[in-house]
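I have placed the structure first, in the form of structure tokens, so that the comments after it can refer back to it.
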Amino acid sequence: MEEYGLKQSLDNYDAFRGEGFYRDRNALIGTGRCGGKAKGLAYAHDALAASPLEERVGFPDLTMVFSTEVFNDYIDGQGLAELYEDDDWERVQRTIEATPFSDGTLREIGRVLDRFDEIGSPPLAIRSSSLFEDSVSLAFAGKYETCFSPNCGDREKRFAALSEGIRRVMMSLFNPSARAYREKHGKRHRDEAIAVIIQSVSGRNRGNYFYPELAGTLFSRVFRRPNPRIKKEDGLMRLCFGLGTRSVDRCAARIFYLTNPSLRPEGNMPHQIAETSQENFDYIDLEHCAFMTGALSMFSDFLQREHKNYGSYVQHYGDNFLYSNLADPEVPTRPLFSFPDLHMRQKEMFETATGLLKHMEKVSGIPVDIEFTCETKPKTDFRILQMRPLASYEEMSRVALPDVPEERIIFRGDRMVSNGMLEHVTHLVYVDAELYKGEWDPSATARGIGEINKKLSGTKYILAGPGRWGSRNPALGVPITYSQICNCGCLVEISVPELNFSPELSFGTHFFLDMDSDGTLYLPVFSKQHGNIYRTDWLNNTPFKQGEHPSIRVYEGDFSVYLDGEIESGMIVGK
């Protein structure tokens, strides 16, 4: 590794230690560990040193880390160790919110705030960096909290916002999804500890709005491929406009396969693009000191003035056509972040992303997952926010679909199918789309699924429902959390166009990384489309047990899942 001029060997990511990197920069508080997220960022710094990419790739202006010592001192020093065994999340939250930091920790928070004041008091991202997080074997993606502080107002207000963000991140170690993930993967709660990484948010102040122009995630391997032309090693970008929260959540974002960026997994028809395109973006409102979400339709004029590349980001959809932003104003349309020709207009960004993935995988010897931001004017400003090992995913060898009578097929899908098989599953859990919307109580539906999930532990049951499981917007799918479906063996997402439900083929979200880590199979079903089967007659006429919400049904029987990734076809059959 001497060719890179590195201070320490980088050929063993597991053995790499990041504490020295932050200590050398007077950016580490406490003598504990810096955690997985901070380690990944330090690794990326060292891996780029003296490489051809060093001048093309940047990082946040300032990063500070509260080591795990600060967390352990807070939990043990304030007598909170019993929280590790307390699964009453509401009680845990009340306890931590009522427990103050020590005077020493408060002084360190003030010192950190001073450091950020030296660079102009930018908005801050306050993120978890736990011991288990971002390891080679487990990602813990999205299990712990990330907070934003606008870092505006007087010092007292900014200090309170930073302190509250640190508290929320530390508290998230005890949340139900984190507990369930640790238990599923054989990790003791008491062995986990959280470091907190605080970064200046990468982006620019545009009027009173602060956000990066583009943000996204990069993956050096593509484990779920929509087309045989895409190879595992080709690399993938998941991109959104504004703050990168939408690139990791189950929100609409644009997927680019780096060797074939014009290929859209959702399809090329205007209605398919419209169904899966981003229509809102996240930003920090400096006037109101708040994290906000804005509708593109309300910000269109502002964004056209602020962004010369607006035409590479936005198209207008109406009457099943896509128009440029110069379309006839008489045609009723709605704007979408569809990024129609971004890969041709921003070649430097795509070349940097491709080179970065190849370099990091070569240096580390493992697939990688990178979060980034990019400003395109006046020149390309590409920055890494996070780098971690890409969660392991072991795809089975090819599974040939058995020859079964069509009346035994309950679901069949024809895209984003990887090889996999589950046989003799005893339970199929189903959410009826009409009753989900007609008896509208998304939280009750999610809780009902969670109760069934507990009862079916160890069964690897099949879970099927409309739209996007785990969506932040319950109108797009049931807003379940990881802890509410962690025992599921196969997840089915069903399109119901008349009710505006559609799967989002969102490889790269935290949701899909969980599925990959757990070995959960996935089948999207596009009802009424050729090659797809959605047997509502079977679902309506077969006896079932009613769940806690009227939309939830539990079928008992002998079910099997067969997914053939070679021919992009999968099915779920009953006997």
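Chain labels follow the order of the structure tokens: the first chain is A, the next B, and so on; residue numbering restarts at 1 in every chain, and ligands are counted from 1 in their shown order.
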
Task: Residue neighbourhood Glu213 in chain A, 9 Å, only C-alpha atoms, exclusion window fewer than 5 positions, as a ChimeraX atom specification - done: /A:203-204,240-243,307,373-376

Please produce a file of those selected residues containing N, CA and C atoms, as an mmCIF file, in the first residue's frame.
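Heads up, here's the output in part03.cif:
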data_model
loop_
_atom_site.group_PDB
_atom_site.id
_atom_site.type_symbol
_atom_site.label_atom_id
_atom_site.label_comp_id
_atom_site.auth_asym_id
_atom_site.auth_seq_id
_atom_site.Cartn_x
_atom_site.Cartn_y
_atom_site.Cartn_z
ATOM 1 N N GLY A 203 -23.101 21.869 1.532
ATOM 2 C CA GLY A 203 -24.119 22.512 0.729
ATOM 3 C C GLY A 203 -23.863 24.008 0.682
ATOM 4 N N ARG A 204 -24.867 24.767 0.270
ATOM 5 C CA ARG A 204 -24.734 26.214 0.158
ATOM 6 C C ARG A 204 -25.997 26.894 0.650
ATOM 7 N N CYS A 240 -30.669 12.157 -5.284
ATOM 8 C CA CYS A 240 -31.804 13.041 -5.063
ATOM 9 C C CYS A 240 -31.329 14.491 -5.108
ATOM 10 N N PHE A 241 -32.275 15.394 -5.208
ATOM 11 C CA PHE A 241 -31.998 16.832 -5.143
ATOM 12 C C PHE A 241 -32.169 17.258 -3.690
ATOM 13 N N GLY A 242 -31.260 18.125 -3.194
ATOM 14 C CA GLY A 242 -31.360 18.609 -1.822
ATOM 15 C C GLY A 242 -30.644 17.689 -0.850
ATOM 16 N N LEU A 243 -30.966 17.842 0.438
ATOM 17 C CA LEU A 243 -30.332 17.011 1.464
ATOM 18 C C LEU A 243 -30.545 15.535 1.152
ATOM 19 N N HIS A 307 -30.461 27.615 -10.056
ATOM 20 C CA HIS A 307 -29.715 26.479 -10.603
ATOM 21 C C HIS A 307 -29.720 26.518 -12.131
ATOM 22 N N THR A 373 -22.226 14.353 -1.488
ATOM 23 C CA THR A 373 -22.946 15.514 -2.028
ATOM 24 C C THR A 373 -22.160 16.034 -3.219
ATOM 25 N N CYS A 374 -22.841 16.799 -4.068
ATOM 26 C CA CYS A 374 -22.161 17.376 -5.227
ATOM 27 C C CYS A 374 -22.797 18.704 -5.605
ATOM 28 N N GLU A 375 -21.960 19.724 -5.726
ATOM 29 C CA GLU A 375 -22.349 20.998 -6.321
ATOM 30 C C GLU A 375 -21.767 21.026 -7.731
ATOM 31 N N THR A 376 -22.543 21.496 -8.696
ATOM 32 C CA THR A 376 -22.090 21.452 -10.087
ATOM 33 C C THR A 376 -21.531 22.773 -10.594
#

Task: Residues of range 470-551 of chain A in strand (DSSP E), written as a ChimeraX atom specification - done: /A:490-495,521-526,533-534,545-546

N, CA and C atoms of the current selection, written as a short mmCIF file (atom, residue, chain, number, x, y, z; two decimals), in the first residue's frame:
data_model
loop_
_atom_site.label_atom_id
_atom_site.label_comp_id
_atom_site.auth_asym_id
_atom_site.auth_seq_id
_atom_site.Cartn_x
_atom_site.Cartn_y
_atom_site.Cartn_z
N CYS A 490 -39.88 -13.43 3.31
CA CYS A 490 -40.08 -12.93 1.95
C CYS A 490 -41.05 -11.77 1.98
N LEU A 491 -40.68 -10.68 1.37
CA LEU A 491 -41.49 -9.47 1.34
C LEU A 491 -42.02 -9.26 -0.07
N VAL A 492 -43.33 -9.06 -0.18
CA VAL A 492 -43.98 -8.83 -1.47
C VAL A 492 -44.58 -7.43 -1.48
N GLU A 493 -44.27 -6.66 -2.52
CA GLU A 493 -44.84 -5.33 -2.69
C GLU A 493 -45.70 -5.34 -3.95
N ILE A 494 -46.96 -4.93 -3.80
CA ILE A 494 -47.94 -5.07 -4.87
C ILE A 494 -48.35 -3.69 -5.38
N SER A 495 -48.33 -3.53 -6.69
CA SER A 495 -48.85 -2.29 -7.26
C SER A 495 -50.38 -2.40 -7.36
N LEU A 521 -35.99 -12.44 1.16
CA LEU A 521 -36.29 -12.41 -0.26
C LEU A 521 -37.28 -11.29 -0.57
N TYR A 522 -37.26 -10.82 -1.82
CA TYR A 522 -38.10 -9.68 -2.20
C TYR A 522 -38.72 -9.95 -3.56
N LEU A 523 -40.03 -9.67 -3.66
CA LEU A 523 -40.73 -9.85 -4.93
C LEU A 523 -41.69 -8.68 -5.14
N PRO A 524 -41.41 -7.80 -6.12
CA PRO A 524 -42.39 -6.78 -6.49
C PRO A 524 -43.35 -7.34 -7.53
N VAL A 525 -44.63 -7.03 -7.37
CA VAL A 525 -45.67 -7.53 -8.27
C VAL A 525 -46.42 -6.34 -8.85
N PHE A 526 -46.44 -6.25 -10.17
CA PHE A 526 -47.11 -5.15 -10.86
C PHE A 526 -48.41 -5.68 -11.44
N ILE A 533 -48.76 -11.78 -11.71
CA ILE A 533 -50.00 -12.39 -11.23
C ILE A 533 -50.27 -11.88 -9.81
N TYR A 534 -51.50 -11.47 -9.59
CA TYR A 534 -51.95 -11.01 -8.27
C TYR A 534 -53.34 -11.61 -8.07
N LYS A 545 -57.37 -15.68 9.10
CA LYS A 545 -57.60 -15.09 10.41
C LYS A 545 -57.46 -13.58 10.30
N GLN A 546 -58.36 -12.85 10.94
CA GLN A 546 -58.34 -11.39 10.87
C GLN A 546 -57.29 -10.84 11.82
#

Task: Contact residues around His549 in chain A with only C-alpha atoms at 9 Å, ignoring same-chain residues under 4 positions, as a PyMOL selection string - done: chain A and resi 435-436+439+441+444-449+553

Dump all heavy atoms for the selected residues as a tab-separated table (two decimals), in the first residue's frame?
chain	number	residue	atom	x	y	z
A	435	LEU	N	-58.98	-1.96	2.03
A	435	LEU	CA	-59.30	-1.80	3.45
A	435	LEU	C	-58.24	-0.96	4.16
A	435	LEU	O	-58.56	-0.25	5.12
A	435	LEU	CB	-59.43	-3.17	4.11
A	435	LEU	CG	-60.69	-3.95	3.73
A	435	LEU	CD1	-60.64	-5.37	4.27
A	435	LEU	CD2	-61.93	-3.23	4.24
A	436	TYR	N	-57.00	-1.04	3.71
A	436	TYR	CA	-55.95	-0.20	4.29
A	436	TYR	C	-56.30	1.27	4.10
A	436	TYR	O	-56.19	2.08	5.03
A	436	TYR	CB	-54.60	-0.53	3.65
A	436	TYR	CG	-53.48	0.41	4.06
A	436	TYR	CD1	-53.02	0.45	5.37
A	436	TYR	CD2	-52.88	1.26	3.12
A	436	TYR	CE1	-51.98	1.31	5.74
A	436	TYR	CE2	-51.85	2.11	3.48
A	436	TYR	CZ	-51.40	2.13	4.80
A	436	TYR	OH	-50.39	2.99	5.15
A	439	GLU	N	-60.22	1.96	5.72
A	439	GLU	CA	-60.23	2.01	7.19
A	439	GLU	C	-58.93	2.69	7.64
A	439	GLU	O	-58.12	2.11	8.33
A	439	GLU	CB	-60.34	0.60	7.76
A	439	GLU	CG	-61.55	-0.18	7.30
A	439	GLU	CD	-62.83	0.29	7.98
A	439	GLU	OE1	-62.73	0.92	9.05
A	439	GLU	OE2	-63.92	0.05	7.43
A	441	ASP	N	-55.93	3.99	9.06
A	441	ASP	CA	-55.21	4.12	10.33
A	441	ASP	C	-53.86	3.43	10.14
A	441	ASP	O	-53.65	2.31	10.60
A	441	ASP	CB	-55.99	3.48	11.48
A	441	ASP	CG	-55.42	3.88	12.85
A	441	ASP	OD1	-54.25	4.34	12.89
A	441	ASP	OD2	-56.14	3.75	13.86
A	444	ALA	N	-52.06	1.95	13.17
A	444	ALA	CA	-52.68	0.74	13.70
A	444	ALA	C	-52.36	-0.47	12.81
A	444	ALA	O	-52.14	-1.58	13.31
A	444	ALA	CB	-54.19	0.93	13.81
A	445	THR	N	-52.32	-0.26	11.50
A	445	THR	CA	-51.95	-1.34	10.59
A	445	THR	C	-50.53	-1.81	10.87
A	445	THR	O	-50.26	-3.01	10.96
A	445	THR	CB	-52.08	-0.89	9.13
A	445	THR	OG1	-53.38	-0.35	8.91
A	445	THR	CG2	-51.85	-2.05	8.18
A	446	ALA	N	-49.61	-0.84	11.02
A	446	ALA	CA	-48.21	-1.20	11.29
A	446	ALA	C	-48.10	-1.93	12.62
A	446	ALA	O	-47.36	-2.93	12.74
A	446	ALA	CB	-47.36	0.06	11.29
A	447	ARG	N	-48.82	-1.46	13.65
A	447	ARG	CA	-48.77	-2.13	14.95
A	447	ARG	C	-49.32	-3.56	14.85
A	447	ARG	O	-48.77	-4.49	15.46
A	447	ARG	CB	-49.57	-1.35	16.00
A	447	ARG	CG	-48.90	-0.08	16.47
A	447	ARG	CD	-49.56	0.44	17.75
A	447	ARG	NE	-51.00	0.67	17.58
A	447	ARG	CZ	-51.52	1.81	17.14
A	447	ARG	NH1	-50.72	2.82	16.82
A	447	ARG	NH2	-52.82	1.95	17.03
A	448	GLY	N	-50.40	-3.72	14.06
A	448	GLY	CA	-50.96	-5.05	13.89
A	448	GLY	C	-50.00	-6.01	13.22
A	448	GLY	O	-49.88	-7.18	13.61
A	449	ILE	N	-49.27	-5.52	12.22
A	449	ILE	CA	-48.23	-6.34	11.58
A	449	ILE	C	-47.15	-6.69	12.59
A	449	ILE	O	-46.64	-7.82	12.64
A	449	ILE	CB	-47.64	-5.60	10.37
A	449	ILE	CG1	-48.69	-5.43	9.26
A	449	ILE	CG2	-46.42	-6.34	9.83
A	449	ILE	CD1	-49.17	-6.71	8.64
A	553	ARG	N	-54.78	-9.80	7.02
A	553	ARG	CA	-55.24	-11.19	6.97
A	553	ARG	C	-54.04	-12.12	7.16
A	553	ARG	O	-52.97	-11.87	6.62
A	553	ARG	CB	-55.89	-11.49	5.62
A	553	ARG	CG	-57.03	-10.55	5.25
A	553	ARG	CD	-57.52	-10.86	3.84
A	553	ARG	NE	-58.56	-9.93	3.39
A	553	ARG	CZ	-59.11	-9.98	2.18
A	553	ARG	NH1	-58.72	-10.92	1.31
A	553	ARG	NH2	-60.04	-9.11	1.85

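For the pair CA of Gly186 in chain A and CA of Phe140 in chain A, the interatomic distance is 13.0 Å.
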
Task: Filtered DSSP result for range 383-438 of chain A, state helix (DSSP H, G or I), as a VMD selection string - done: chain A and resid 406 to 408 433 to 438

Write the selection just made, keeping C-alpha atoms, as a short mmCIF file (atom, residue, chain, number, x, y, z; two decimals), in the first residue's frame?
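What follows is the written file selection18.cif:
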data_model
loop_
_atom_site.label_atom_id
_atom_site.label_comp_id
_atom_site.auth_asym_id
_atom_site.auth_seq_id
_atom_site.Cartn_x
_atom_site.Cartn_y
_atom_site.Cartn_z
CA GLU A 406 -51.40 -21.46 -12.68
CA GLU A 407 -54.22 -21.75 -10.15
CA ARG A 408 -51.63 -22.49 -7.45
CA ALA A 433 -55.14 -2.26 -0.22
CA GLU A 434 -58.80 -1.17 -0.26
CA LEU A 435 -59.30 -1.80 3.45
CA TYR A 436 -55.95 -0.20 4.29
CA LYS A 437 -57.11 3.04 2.65
CA GLY A 438 -60.81 2.65 3.47
#

Open item on the list: Please determine, counting only C-alpha atoms, which residue among A:Arg107, A:Lys347, A:Lys37, A:Lys232 has the shortest atom-to-atom distance to Ala195 in chain A.
Closed with: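 Among A:Arg107, A:Lys347, A:Lys37, A:Lys232, it is A:Lys37 that comes nearest to Ala195 in chain A.
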
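Between CA of Gly477 in chain A and CA of Ser502 in chain A there is a distance of 8.4 Å.
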
Task: Selection near Asp537 in chain A, 12 Å with only C-alpha atoms, sequence-local residues under 5 positions removed, as a list in words - done: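 Near neighbours after the sequence-gap exclusion: Glu407, Arg408, Ile409, Ile410, Phe411, Thr542 and Pro543 of chain A.
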
Could you take the residues named above and write them with N, CA, C and O atoms, as a short mmCIF file (atom, residue, chain, number, x, y, z; two decimals), in the first residue's frame?
data_model
loop_
_atom_site.label_atom_id
_atom_site.label_comp_id
_atom_site.auth_asym_id
_atom_site.auth_seq_id
_atom_site.Cartn_x
_atom_site.Cartn_y
_atom_site.Cartn_z
N GLU A 407 -53.30 -22.04 -11.25
CA GLU A 407 -54.22 -21.75 -10.15
C GLU A 407 -53.55 -21.85 -8.78
O GLU A 407 -54.09 -21.38 -7.77
N ARG A 408 -52.36 -22.43 -8.73
CA ARG A 408 -51.63 -22.49 -7.45
C ARG A 408 -50.75 -21.25 -7.23
O ARG A 408 -50.23 -21.05 -6.14
N ILE A 409 -50.58 -20.45 -8.27
CA ILE A 409 -49.72 -19.27 -8.15
C ILE A 409 -50.53 -18.12 -7.55
O ILE A 409 -51.54 -17.69 -8.10
N ILE A 410 -50.07 -17.60 -6.42
CA ILE A 410 -50.76 -16.50 -5.74
C ILE A 410 -50.19 -15.16 -6.20
O ILE A 410 -50.93 -14.21 -6.45
N PHE A 411 -48.86 -15.09 -6.30
CA PHE A 411 -48.19 -13.88 -6.78
C PHE A 411 -47.11 -14.27 -7.79
O PHE A 411 -46.45 -15.31 -7.64
N THR A 542 -60.14 -17.65 0.17
CA THR A 542 -59.46 -18.60 1.03
C THR A 542 -59.63 -18.19 2.49
O THR A 542 -59.48 -17.01 2.82
N PRO A 543 -59.96 -19.12 3.39
CA PRO A 543 -60.14 -18.76 4.80
C PRO A 543 -58.87 -18.12 5.39
O PRO A 543 -57.75 -18.52 5.07
#

Open item on the list: When you look at Asp73 in chain A with a cut-off of 12 Å (counting only C-alpha atoms), what residues show up, excluding the ones that are within fewer than 3 positions of it in the same chain? I need them as an MDAnalysis selection string.
Closed with: chainID A and resid 30:32 66:70 76:81 101:105 170 193:195

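Between Tyr43 in chain A and the residues A:Val363, A:Val92, A:Leu28, A:Ala141, the shortest atom-to-atom distance, using only C-alpha atoms, involves A:Val363.
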
Task: Residues near Gly110 in chain A, cut-off 12 Å, only C-alpha atoms, skip fewer than 2 positions along chain, as number ranges by chain - done: A: 29, 103-108, 112-117, 155-163

TODO: Determine, counting only C-alpha atoms, which protein, DNA and RNA residues have an atom within 8 Å of an atom of range 87-89 of chain A; residues of the same chain fewer than 5 positions away are not included. Present the result as a PyMOL selection string.
DONE: chain A and resi 174-176

- [ ] Would you please work out which residue, of A:Val248, A:Val478, A:Ile126, A:Leu563, is nearest to Arg398 in chain A when using only C-alpha atoms?
- [x]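 Of A:Val248, A:Val478, A:Ile126, A:Leu563, the one nearest Arg398 in chain A, counting only C-alpha atoms, is A:Leu563.
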